[in-house]
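Undergrad: PDB, C-alpha atoms, file input28.pdb:
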ATOM      1  CA  MET Y   1      95.341 100.664  85.338  1.00  0.00           C
ATOM      2  CA  HIS Y   2      95.857  97.046  86.286  1.00  0.00           C
ATOM      3  CA  GLU Y   3      98.214  95.686  88.880  1.00  0.00           C
ATOM      4  CA  SER Y   4     100.306  92.665  88.120  1.00  0.00           C
ATOM      5  CA  THR Y   5      99.583  89.456  89.988  1.00  0.00           C
ATOM      6  CA  MET Y   6     103.288  88.949  90.571  1.00  0.00           C
ATOM      7  CA  THR Y   7     104.396  88.880  94.193  1.00  0.00           C
ATOM      8  CA  PRO Y   8     106.681  91.815  95.026  1.00  0.00           C
ATOM      9  CA  ARG Y   9     110.277  90.785  95.622  1.00  0.00           C
ATOM     10  CA  LEU Y  10     112.149  92.185  98.603  1.00  0.00           C
ATOM     11  CA  MET Y  11     115.535  93.617  97.738  1.00  0.00           C
ATOM     12  CA  ASP Y  12     118.433  94.170 100.082  1.00  0.00           C
ATOM     13  CA  VAL Y  13     120.892  97.061  99.909  1.00  0.00           C
ATOM     14  CA  ALA Y  14     123.302  95.091  97.712  1.00  0.00           C
ATOM     15  CA  ASP Y  15     120.482  94.409  95.207  1.00  0.00           C
ATOM     16  CA  VAL Y  16     119.621  98.102  95.118  1.00  0.00           C
ATOM     17  CA  GLN Y  17     123.229  99.067  94.489  1.00  0.00           C
ATOM     18  CA  ARG Y  18     123.627  96.464  91.717  1.00  0.00           C
ATOM     19  CA  ASN Y  19     120.327  97.307  90.039  1.00  0.00           C
ATOM     20  CA  THR Y  20     120.489 101.094  90.191  1.00  0.00           C
ATOM     21  CA  SER Y  21     120.768 102.604  86.742  1.00  0.00           C
ATOM     22  CA  THR Y  22     123.736 104.868  86.109  1.00  0.00           C
ATOM     23  CA  HIS Y  23     121.734 107.425  84.108  1.00  0.00           C
ATOM     24  CA  SER Y  24     120.456 110.005  86.615  1.00  0.00           C
ATOM     25  CA  GLU Y  25     118.229 107.435  88.310  1.00  0.00           C
ATOM     26  CA  PRO Y  26     118.589 107.881  92.076  1.00  0.00           C
ATOM     27  CA  ALA Y  27     118.877 104.828  94.282  1.00  0.00           C
ATOM     28  CA  PRO Y  28     115.554 103.713  95.740  1.00  0.00           C
ATOM     29  CA  ILE Y  29     114.883 104.785  99.298  1.00  0.00           C
ATOM     30  CA  VAL Y  30     115.832 101.958 101.643  1.00  0.00           C
ATOM     31  CA  ASP Y  31     113.791 101.444 104.817  1.00  0.00           C
ATOM     32  CA  LYS Y  32     115.200 100.902 108.310  1.00  0.00           C
ATOM     33  CA  ASN Y  33     115.477  97.161 107.614  1.00  0.00           C
ATOM     34  CA  GLY Y  34     117.558  97.799 104.503  1.00  0.00           C
ATOM     35  CA  GLU Y  35     114.840  96.534 102.152  1.00  0.00           C
ATOM     36  CA  VAL Y  36     112.867  98.015  99.270  1.00  0.00           C
ATOM     37  CA  VAL Y  37     110.164  96.345  97.244  1.00  0.00           C
ATOM     38  CA  SER Y  38     110.191  96.134  93.483  1.00  0.00           C
ATOM     39  CA  THR Y  39     106.763  95.979  91.866  1.00  0.00           C
ATOM     40  CA  HIS Y  40     105.319  95.887  88.364  1.00  0.00           C
ATOM     41  CA  VAL Y  41     102.261  97.763  87.120  1.00  0.00           C
ATOM     42  CA  LEU Y  42     100.642  98.116  83.723  1.00  0.00           C
ATOM     43  CA  VAL Y  43     100.065 101.681  82.528  1.00  0.00           C
ATOM     44  CA  GLU Y  44      98.557 102.977  79.309  1.00  0.00           C
ATOM     45  CA  GLN Y  45     101.206 103.773  76.669  1.00  0.00           C
ATOM     46  CA  GLU Y  46     100.090 107.413  76.390  1.00  0.00           C
ATOM     47  CA  LYS Y  47     100.713 107.937  80.119  1.00  0.00           C
ATOM     48  CA  VAL Y  48     104.092 106.214  79.924  1.00  0.00           C
ATOM     49  CA  ASP Y  49     105.085 108.484  77.038  1.00  0.00           C
ATOM     50  CA  LYS Y  50     104.001 111.602  78.950  1.00  0.00           C
ATOM     51  CA  LEU Y  51     105.842 110.497  82.091  1.00  0.00           C
ATOM     52  CA  ARG Y  52     108.973 109.718  80.067  1.00  0.00           C
ATOM     53  CA  GLU Y  53     108.850 113.154  78.402  1.00  0.00           C
ATOM     54  CA  LEU Y  54     108.300 114.908  81.750  1.00  0.00           C
ATOM     55  CA  SER Y  55     111.243 113.026  83.203  1.00  0.00           C
ATOM     56  CA  ARG Y  56     113.457 113.910  80.249  1.00  0.00           C
ATOM     57  CA  ARG Y  57     112.453 117.575  80.364  1.00  0.00           C
ATOM     58  CA  THR Y  58     112.861 118.001  84.129  1.00  0.00           C
ATOM     59  CA  ARG Y  59     115.743 115.554  84.584  1.00  0.00           C
ATOM     60  CA  ILE Y  60     113.841 113.966  87.470  1.00  0.00           C
ATOM     61  CA  ALA Y  61     113.679 110.177  87.365  1.00  0.00           C
ATOM     62  CA  GLN Y  62     110.385 108.540  86.449  1.00  0.00           C
ATOM     63  CA  SER Y  63     110.652 106.447  89.602  1.00  0.00           C
ATOM     64  CA  GLU Y  64     110.760 109.621  91.713  1.00  0.00           C
ATOM     65  CA  TYR Y  65     107.518 110.815  90.132  1.00  0.00           C
ATOM     66  CA  LEU Y  66     105.904 107.411  90.709  1.00  0.00           C
ATOM     67  CA  ARG Y  67     106.979 107.303  94.375  1.00  0.00           C
ATOM     68  CA  GLU Y  68     105.609 110.820  94.832  1.00  0.00           C
ATOM     69  CA  ALA Y  69     102.302 109.807  93.235  1.00  0.00           C
ATOM     70  CA  VAL Y  70     101.988 106.788  95.556  1.00  0.00           C
ATOM     71  CA  ASP Y  71     102.744 108.969  98.593  1.00  0.00           C
ATOM     72  CA  ASP Y  72     100.123 111.518  97.486  1.00  0.00           C
ATOM     73  CA  LEU Y  73      97.510 108.811  96.937  1.00  0.00           C
ATOM     74  CA  LEU Y  74      98.147 107.179 100.298  1.00  0.00           C
ATOM     75  CA  GLY Y  75      98.023 110.571 102.007  1.00  0.00           C
ATOM     76  CA  LYS Y  76      94.706 111.358 100.316  1.00  0.00           C
ATOM     77  CA  TYR Y  77      93.067 108.164 101.534  1.00  0.00           C
ATOM     78  CA  LYS Y  78      94.582 108.454 105.001  1.00  0.00           C
ATOM     79  CA  LYS Y  79      92.941 111.877 105.358  1.00  0.00           C
ATOM     80  CA  GLU Y  80      89.584 110.446 104.258  1.00  0.00           C
ATOM     81  CA  GLU Y  81      89.802 107.729 106.935  1.00  0.00           C
ATOM     82  CA  GLU Y  82      90.509 110.171 109.779  1.00  0.00           C
ATOM     83  CA  PRO Y  83      87.459 111.358 111.766  1.00  0.00           C
TER      84      PRO Y  83
END
If you convert what's in this file into structure tokens, what do you get?

TA:
Amino acid sequence: MHESTMTPRLMDVADVQRNTSTHSEPAPIVDKNGEVVSTHVLVEQEKVDKLRELSRRTRIAQSEYLREAVDDLLGKYKKEEEP
């Protein structure tokens, strides 16, 4: 998986409200400063298709699964860094 070289763009609460899809996609979690970051990653088509199907079947937004995966990954590496 490759990460885009684009710089993430900070969004304010108004951006989040304007850009939130109306089809069962929950609003992104907004931090205490009222900002979220939008980012772009490249993922193999097969994985995108599987994620899309999982999302359709469970009615849980793809973005929720991706946020959960990032949290899990960060938690994994945080544990490895602890003595």

Undergrad: Work out how far atom CA of Glu44 of chain Y is from atom CA of Gly75 of chain Y, in Å to one decimal.

TA: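 So the two atoms, atom CA of Gly75 of chain Y and atom CA of Glu44 of chain Y, lie 23.9 Å apart.
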
Undergrad: Measure the distance from atom CA of Ser55 of chain Y to atom CA of Ser38 of chain Y in Å and round it to one decimal.

TA: 19.8 Å

Undergrad: Can you work out the spacing between atom CA of Arg52 of chain Y and atom CA of Tyr65 of chain Y in Å, to one decimal?

TA: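 According to the coordinates, atom CA of Arg52 of chain Y and atom CA of Tyr65 of chain Y are separated by 10.2 Å.
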
Undergrad: Would you translate the PyMOL selection byres ((chain Y and resi 66) around 12) into the concrete set of residues it matches in this file, as number ranges by chain?

TA: Y: 28, 39-41, 43, 47-48, 51-52, 54-55, 60-65, 67-73
